[in-house]
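Have a look at the structure below before the remarks.
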Amino acid sequence: MFVRRIAVIGTGYVGLTTGACLASLGHHVVCADVDADKVKRLCAGEVDILEPGLAELVSEGIAAGRLSFVLGAPAAVEGAEVVFLCVPTPMGVGGVADLSIVESVIEEVGTLLPAGCVVVNKSTVPVGSAQRTAELIERDDVAVVSNPEFLREGSAVHDFLNPDRIVVGCDQQDAAERVAALYARLGAPTVLTDAASAELVKYAANCFLAMKLSYVNAIAELCDRLGADISDVTEGMGYDKRIGQAFLQPGPGWGGSCLPKDTSAMLQLADAADFEFRLIRATIDTNNRQRQRMVEKVRLAVTGKRGGSLSKVRLGVLGLTFKAGTDDLRDSPALAVAALLRQAGAKLVGYDPALRSGDVRADLDGITLVDDPYQAAEGVEAVVVLTEWAEFRSLDWSKLAGVVARPVVVDTRNLLDPDVVRRAGFEWNGLGRR
Ligand code: UGA
């Protein structure tokens, strides 16, 4: 059953992906944003988010007459049967999720919502938000449903169309079923529950993923100390179906716009419920320490001793985004490590496939950004791989060996093939690997 009018408020990566994918499933979708220029560009099929397959889906939706874009939420909710709230919920003061944008949208459209429509909270919001949203709307004829998203940046379209599960939470069964029916064609397991449980699923899942990564980074450290090999250890662990192979890749720490925000929010959530969630505290602390540990690795590789000075040492940094496949720098572990290296006195030249020199984003302050990995390696004492871009694997390491001052690689993602790099004359230093 196709819905004749779905409104999606917010065209960030969650909103635009949700709108374009729902249109591709046969529904009619109107997406709203407050940015007039963005709306104009989207109407012309121009997508400025780096998300594989999204631009194609947007163009197809527009051409099929099932996807359109309007300025402002009021225009979108007119005649809508379902209204998705996909606006940002940034980390606010003290790690508490800031709901002011959600609240201002509700203030704007609360009285305009058609009778009988369902409002869907897609944004990651604290437990209790659906109830709070319902209180703000103050309408008996409008139901509020929590329907968290589990989209990864860089594979959001794939994740939307191939979900592991759909979670829908509402105390009104019929409203929950109406939302679940939107995804029926995807054939995914569906969890119908109350709103608070649906909201908690999102935090519990993201925090579990963060915990898994902090755990694997700690095991990698242990491998370094014990002379074991993390890739064999994780392979051996991962065949256990209860553990699984995914999310076992050690790195410079986890980052991005979700896991750091959600782990902090979980601590606040627990705190407010008078529960000291030590496991999550340790997960965050381990992650912060991991960044410092990467600096120590570089120090040891460059100076040959623990605590050696990096003052005025020139380093070539490969990868700055928070993970490969995105141009997102928010809470990037690569940038955090780079900042610590700079604090230690190192001079950084950076290259990232998703960034161009002249990028003025404040986060890059102090890193000389170049457009070519070989240029980034010129005259450096070490090449430091910080983001797992596949193209770094196929670099010409003999050519790199010809331009560096010293052939040293610190591979914080265990991305490169050590044999290839070593054959080119480099000393390769990974995480928890000999
Ligand atoms: C994460 C979750 O994976 C999604 O399920 C969720 O929907 C999303 O947050 C969200 O809340 O919106 P995302 O932030 O796009 O998705 O990034 P991930 O792919 O989860 O990566 C997070 C961090 O962990 C990155 O810094 C990445 O490099 C790191 N990572 C990931 C590792 O270090 N090792 C791994 O094996 C996997």
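If you're wondering about the labels, chains in the structure tokens are A, B, ... by order shown, residues count from 1 in each chain, ligands from 1 in order shown.
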
For ligand 1, list the contacting residues at 8 Å or closer, counting only C-alpha atoms and all ligand atoms, as an MDAnalysis selection string.
chainID A and resid 14 124 149:156 202 205:206 209:210 213 246:259 262 322:324 332:333 387:388 413

Please save N, CA and C atoms of the selected residues as a compact mmCIF listing (two decimals), in the first residue's frame.
# COMPACT_ATOMS: atom_id res chain seq x y z
N VAL A 14 20.05 11.96 6.84
CA VAL A 14 18.96 11.05 7.24
C VAL A 14 17.67 11.42 6.50
N THR A 124 17.73 10.93 16.26
CA THR A 124 18.10 10.23 17.48
C THR A 124 17.78 11.15 18.66
N GLU A 149 16.59 5.43 13.01
CA GLU A 149 17.28 4.99 11.78
C GLU A 149 18.60 4.33 12.16
N PHE A 150 19.05 3.42 11.30
CA PHE A 150 20.32 2.74 11.54
C PHE A 150 21.21 2.86 10.31
N LEU A 151 21.27 4.08 9.77
CA LEU A 151 22.00 4.31 8.53
C LEU A 151 23.43 4.72 8.84
N ARG A 152 24.36 4.11 8.11
CA ARG A 152 25.75 4.54 8.23
C ARG A 152 26.04 5.56 7.16
N GLU A 153 26.78 6.59 7.51
CA GLU A 153 27.19 7.55 6.49
C GLU A 153 28.04 6.82 5.47
N GLY A 154 27.81 7.12 4.21
CA GLY A 154 28.59 6.47 3.17
C GLY A 154 27.90 5.23 2.63
N SER A 155 26.94 4.68 3.38
CA SER A 155 26.16 3.56 2.82
C SER A 155 24.71 3.68 3.28
N ALA A 156 24.26 4.93 3.40
CA ALA A 156 22.92 5.19 3.93
C ALA A 156 21.82 4.62 3.02
N LYS A 202 18.04 2.55 19.74
CA LYS A 202 19.04 3.31 18.98
C LYS A 202 20.30 3.56 19.81
N ALA A 205 22.13 0.26 20.65
CA ALA A 205 22.86 -0.31 19.51
C ALA A 205 24.15 0.48 19.24
N ASN A 206 24.05 1.80 19.17
CA ASN A 206 25.25 2.60 18.89
C ASN A 206 26.29 2.46 20.01
N LEU A 209 28.07 -0.81 19.65
CA LEU A 209 29.07 -0.76 18.57
C LEU A 209 30.33 -0.04 19.06
N ALA A 210 30.14 1.07 19.78
CA ALA A 210 31.29 1.81 20.31
C ALA A 210 32.07 0.95 21.29
N LEU A 213 34.18 -1.58 19.55
CA LEU A 213 35.40 -0.99 18.98
C LEU A 213 36.43 -0.67 20.06
N ALA A 246 31.97 -8.33 11.85
CA ALA A 246 31.86 -6.89 11.61
C ALA A 246 32.26 -6.07 12.83
N PHE A 247 32.75 -4.86 12.55
CA PHE A 247 33.10 -3.92 13.62
C PHE A 247 34.19 -4.45 14.54
N LEU A 248 35.15 -5.13 13.94
CA LEU A 248 36.28 -5.64 14.73
C LEU A 248 37.60 -5.09 14.22
N GLN A 249 37.53 -4.03 13.43
CA GLN A 249 38.76 -3.49 12.84
C GLN A 249 39.34 -2.42 13.77
N PRO A 250 40.53 -2.66 14.31
CA PRO A 250 41.10 -1.64 15.20
C PRO A 250 41.44 -0.38 14.43
N GLY A 251 41.55 0.73 15.13
CA GLY A 251 41.83 1.99 14.46
C GLY A 251 42.24 3.06 15.46
N PRO A 252 42.27 4.31 14.99
CA PRO A 252 42.70 5.40 15.88
C PRO A 252 41.60 5.84 16.84
N GLY A 253 40.57 5.02 16.96
CA GLY A 253 39.41 5.37 17.81
C GLY A 253 38.21 5.60 16.93
N TRP A 254 37.02 5.50 17.53
CA TRP A 254 35.80 5.70 16.77
C TRP A 254 35.36 7.16 16.88
N GLY A 255 34.72 7.64 15.80
CA GLY A 255 34.28 9.03 15.79
C GLY A 255 33.06 9.21 14.93
N GLY A 256 32.93 10.40 14.35
CA GLY A 256 31.77 10.69 13.50
C GLY A 256 30.71 11.45 14.27
N SER A 257 29.59 11.64 13.61
CA SER A 257 28.55 12.48 14.22
C SER A 257 27.61 11.69 15.11
N CYS A 258 27.80 10.36 15.20
CA CYS A 258 26.82 9.56 15.95
C CYS A 258 27.37 8.89 17.20
N LEU A 259 28.38 8.03 17.05
CA LEU A 259 28.82 7.25 18.21
C LEU A 259 29.29 8.14 19.38
N ASP A 262 26.13 9.77 20.87
CA ASP A 262 25.20 8.84 21.51
C ASP A 262 25.77 8.20 22.77
N PHE A 322 36.30 11.15 9.17
CA PHE A 322 36.15 10.25 10.33
C PHE A 322 36.14 8.79 9.94
N LYS A 323 35.88 8.53 8.67
CA LYS A 323 36.03 7.17 8.13
C LYS A 323 36.09 7.33 6.61
N ALA A 324 36.38 6.24 5.91
CA ALA A 324 36.44 6.32 4.44
C ALA A 324 35.03 6.43 3.87
N SER A 332 36.20 13.64 13.92
CA SER A 332 37.06 12.68 13.22
C SER A 332 38.23 12.27 14.10
N PRO A 333 38.42 10.95 14.33
CA PRO A 333 39.58 10.51 15.10
C PRO A 333 40.88 10.94 14.43
N THR A 387 42.91 7.34 8.04
CA THR A 387 41.56 6.95 7.59
C THR A 387 41.70 5.83 6.56
N GLU A 388 40.75 4.90 6.56
CA GLU A 388 40.93 3.66 5.79
C GLU A 388 40.47 3.76 4.32
N ARG A 413 45.25 2.11 10.85
CA ARG A 413 44.04 1.37 10.46
C ARG A 413 44.35 -0.07 10.06

Any idea what's packed within 12 Å of Arg132 in chain A, counting only C-alpha atoms, ignoring anything in its chain fewer than 4 positions away? Could you give it as a list in words?
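My reading of the contact set: Leu99, Val102, Glu103, Ile106, Asn121, Val125, Pro126, Val127, Gly128, Leu136, Ile137, Glu138, Val144, Val145, Ser146, Ala195 and Ala196 of chain A.
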
With C-alpha atoms kept, could you save the residues just selected as a tab-separated table (two decimals), in the first residue's frame?
chain	number	residue	atom	x	y	z
A	99	LEU	CA	16.14	19.04	21.05
A	102	VAL	CA	12.71	19.36	16.98
A	103	GLU	CA	10.80	21.59	19.35
A	106	ILE	CA	6.65	21.23	16.29
A	121	ASN	CA	10.60	10.79	15.23
A	125	VAL	CA	16.37	11.55	20.56
A	126	PRO	CA	16.54	10.72	24.26
A	127	VAL	CA	14.15	8.21	25.75
A	128	GLY	CA	10.93	10.03	26.51
A	136	LEU	CA	4.12	19.66	22.64
A	137	ILE	CA	1.74	18.86	19.79
A	138	GLU	CA	-1.16	18.67	22.23
A	144	VAL	CA	3.66	10.21	17.66
A	145	VAL	CA	5.81	7.24	16.72
A	146	SER	CA	9.49	6.58	17.34
A	195	ALA	CA	8.08	4.49	22.19
A	196	ALA	CA	10.59	4.43	25.06

In range 56-300 of chain A, what's strand (DSSP E or B) per DSSP? Answer as a list in words?
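Checking each residue of range 56-300 of chain A, the strand (DSSP E or B) ones are Leu67, Ser68, Phe69, Val70, Leu71, Val82, Val83, Phe84, Leu85, Met91, Ala97, Val118, Val119, Val120, Asn121, Ala143, Val144, Val145, Ser146, Ile166, Val167, Val168, Gly169, Thr190, Val191, Leu192 and Thr193 of chain A.
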
So that I have them on file, write out the residues from the current selection with C-alpha atoms, as an mmCIF file, in the first residue's frame.
data_model
loop_
_atom_site.group_PDB
_atom_site.id
_atom_site.type_symbol
_atom_site.label_atom_id
_atom_site.label_comp_id
_atom_site.auth_asym_id
_atom_site.auth_seq_id
_atom_site.Cartn_x
_atom_site.Cartn_y
_atom_site.Cartn_z
ATOM 1 C CA LEU A 67 9.519 13.265 -4.763
ATOM 2 C CA SER A 68 9.438 17.034 -4.352
ATOM 3 C CA PHE A 69 11.058 19.700 -2.206
ATOM 4 C CA VAL A 70 9.550 22.726 -0.525
ATOM 5 C CA LEU A 71 10.787 25.579 1.613
ATOM 6 C CA VAL A 82 2.778 10.698 7.843
ATOM 7 C CA VAL A 83 5.302 13.372 8.906
ATOM 8 C CA PHE A 84 8.921 12.345 9.475
ATOM 9 C CA LEU A 85 11.021 14.577 11.729
ATOM 10 C CA MET A 91 25.170 17.279 21.428
ATOM 11 C CA ALA A 97 20.975 15.853 23.181
ATOM 12 C CA VAL A 118 1.218 10.221 12.343
ATOM 13 C CA VAL A 119 4.358 12.133 13.366
ATOM 14 C CA VAL A 120 7.487 9.981 13.215
ATOM 15 C CA ASN A 121 10.598 10.790 15.226
ATOM 16 C CA ALA A 143 -0.088 10.029 17.041
ATOM 17 C CA VAL A 144 3.665 10.212 17.658
ATOM 18 C CA VAL A 145 5.810 7.244 16.723
ATOM 19 C CA SER A 146 9.492 6.578 17.337
ATOM 20 C CA ILE A 166 12.767 -1.927 11.362
ATOM 21 C CA VAL A 167 11.958 -0.642 14.844
ATOM 22 C CA VAL A 168 8.690 1.177 15.456
ATOM 23 C CA GLY A 169 7.579 2.347 18.865
ATOM 24 C CA THR A 190 10.069 -5.602 12.423
ATOM 25 C CA VAL A 191 10.043 -4.838 16.127
ATOM 26 C CA LEU A 192 6.801 -3.212 17.213
ATOM 27 C CA THR A 193 7.147 -1.843 20.700
#

Proximity check range 18-100 of chain A to range 173-186 of chain A, 12 Å, nearest pairs one decimal Å, only C-alpha atoms, as CSV:
residue,atom,partner,partner_atom,distance
A:Thr18,CA,A:Tyr183,CA,10.9
A:Gly19,CA,A:Leu182,CA,11.8
A:Cys21,CA,A:Tyr183,CA,10.0
A:Leu22,CA,A:Leu182,CA,7.7
A:Ala23,CA,A:Leu182,CA,10.4
A:Ser24,CA,A:Arg185,CA,10.8
A:Leu25,CA,A:Arg185,CA,7.3
A:Gly26,CA,A:Leu182,CA,9.4
A:His27,CA,A:Leu182,CA,8.0
A:His28,CA,A:Leu182,CA,11.1
A:Val29,CA,A:Leu182,CA,11.7
A:Glu81,CA,A:Arg178,CA,9.7
A:Val82,CA,A:Val179,CA,7.9
A:Val83,CA,A:Val179,CA,10.1
A:Phe84,CA,A:Val179,CA,10.1

Would you save the residues from that selection as a short mmCIF file (atom, residue, chain, number, x, y, z; two decimals), in the first residue's frame, using C-alpha atoms?
data_model
loop_
_atom_site.label_atom_id
_atom_site.label_comp_id
_atom_site.auth_asym_id
_atom_site.auth_seq_id
_atom_site.Cartn_x
_atom_site.Cartn_y
_atom_site.Cartn_z
CA THR A 18 14.59 8.68 4.01
CA GLY A 19 12.66 10.83 1.51
CA CYS A 21 14.21 5.88 -0.46
CA LEU A 22 10.53 6.07 0.56
CA ALA A 23 9.78 7.58 -2.87
CA SER A 24 11.71 4.72 -4.50
CA LEU A 25 9.44 2.30 -2.61
CA GLY A 26 6.42 3.87 -4.33
CA HIS A 27 5.25 6.46 -1.79
CA HIS A 28 4.72 10.14 -2.54
CA VAL A 29 7.11 12.28 -0.54
CA GLU A 81 -0.62 11.24 6.26
CA VAL A 82 2.78 10.70 7.84
CA VAL A 83 5.30 13.37 8.91
CA PHE A 84 8.92 12.35 9.47
#

Nearest residue to Gly308 in chain A out of A:Gly79, A:Ala344, A:Gly358, A:Ala336, using only C-alpha atoms?
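Nearest candidate to Gly308 in chain A out of A:Gly79, A:Ala344, A:Gly358, A:Ala336: A:Ala344.
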
Name the residues of range 232-352 of chain A that come out as alpha helix (DSSP H) in a backbone DSSP run; write them as a ChimeraX atom specification.
/A:232-238,259-272,278-303,333-343

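With only C-alpha atoms as the atoms that count, the residue of A:Ala134, A:Ala36, A:Ala270, A:Thr286 with the shortest distance to Val216 in chain A is A:Thr286.
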
Exercise: Val370 in chain A partners within 9 Å, only C-alpha atoms, chain neighbours under 5 positions left out, as a PyMOL selection string
chain A and resi 349-352+355-358+375-376

Set the distance at 8 Å and use only C-alpha atoms: which residues neighbour Arg306 in chain A once local chain neighbours fewer than 6 positions away are removed? I'd like the list as a list in words.
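Contacts, in chain order: Glu296, Arg299 and Leu300 of chain A.
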
Skipping near chain neighbours, those fewer than 3 positions away, what residues fall within 10 Å of Val58 in chain A using only C-alpha atoms, listed as a ChimeraX atom specification?
/A:16-17,19-21,23-24,42-47,53-55,61-64,66-68

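Among A:Asp327, A:Glu427, A:Asp411, A:Glu235, the residue with the shortest atom-to-atom distance to Leu50 in chain A, counting only C-alpha atoms, is A:Asp327.
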
For Ala377 in chain A, please output as a CSV table (one decimal) with N, CA and C atoms, in the first residue's frame all residues within 8 Å (counting only C-alpha atoms; exclusion window: fewer than 5 positions along the same chain).
chain,number,residue,atom,x,y,z
A,315,LEU,N,55.5,15.4,9.2
A,315,LEU,CA,54.8,14.1,9.0
A,315,LEU,C,53.8,14.2,7.9
A,316,GLY,N,53.6,13.2,7.1
A,316,GLY,CA,52.6,13.2,6.0
A,316,GLY,C,51.4,12.4,6.5
A,317,VAL,N,50.3,13.0,6.6
A,317,VAL,CA,49.1,12.4,7.1
A,317,VAL,C,48.1,12.0,6.0
A,349,VAL,N,51.5,17.7,6.9
A,349,VAL,CA,51.0,17.9,5.6
A,349,VAL,C,50.0,16.8,5.4
A,382,ALA,N,57.8,10.4,8.6
A,382,ALA,CA,56.9,9.3,8.6
A,382,ALA,C,55.6,9.6,7.9
A,383,VAL,N,55.1,8.6,7.3
A,383,VAL,CA,53.7,8.7,6.7
A,383,VAL,C,52.8,8.0,7.7
A,400,LEU,N,56.7,6.6,-3.3
A,400,LEU,CA,56.7,7.3,-2.1
A,400,LEU,C,58.1,7.2,-1.4
A,403,VAL,N,60.4,9.9,-2.2
A,403,VAL,CA,60.2,11.3,-1.8
A,403,VAL,C,60.3,11.6,-0.3
A,404,VAL,N,60.1,10.5,0.5
A,404,VAL,CA,60.1,10.8,1.9
A,404,VAL,C,61.5,11.0,2.4
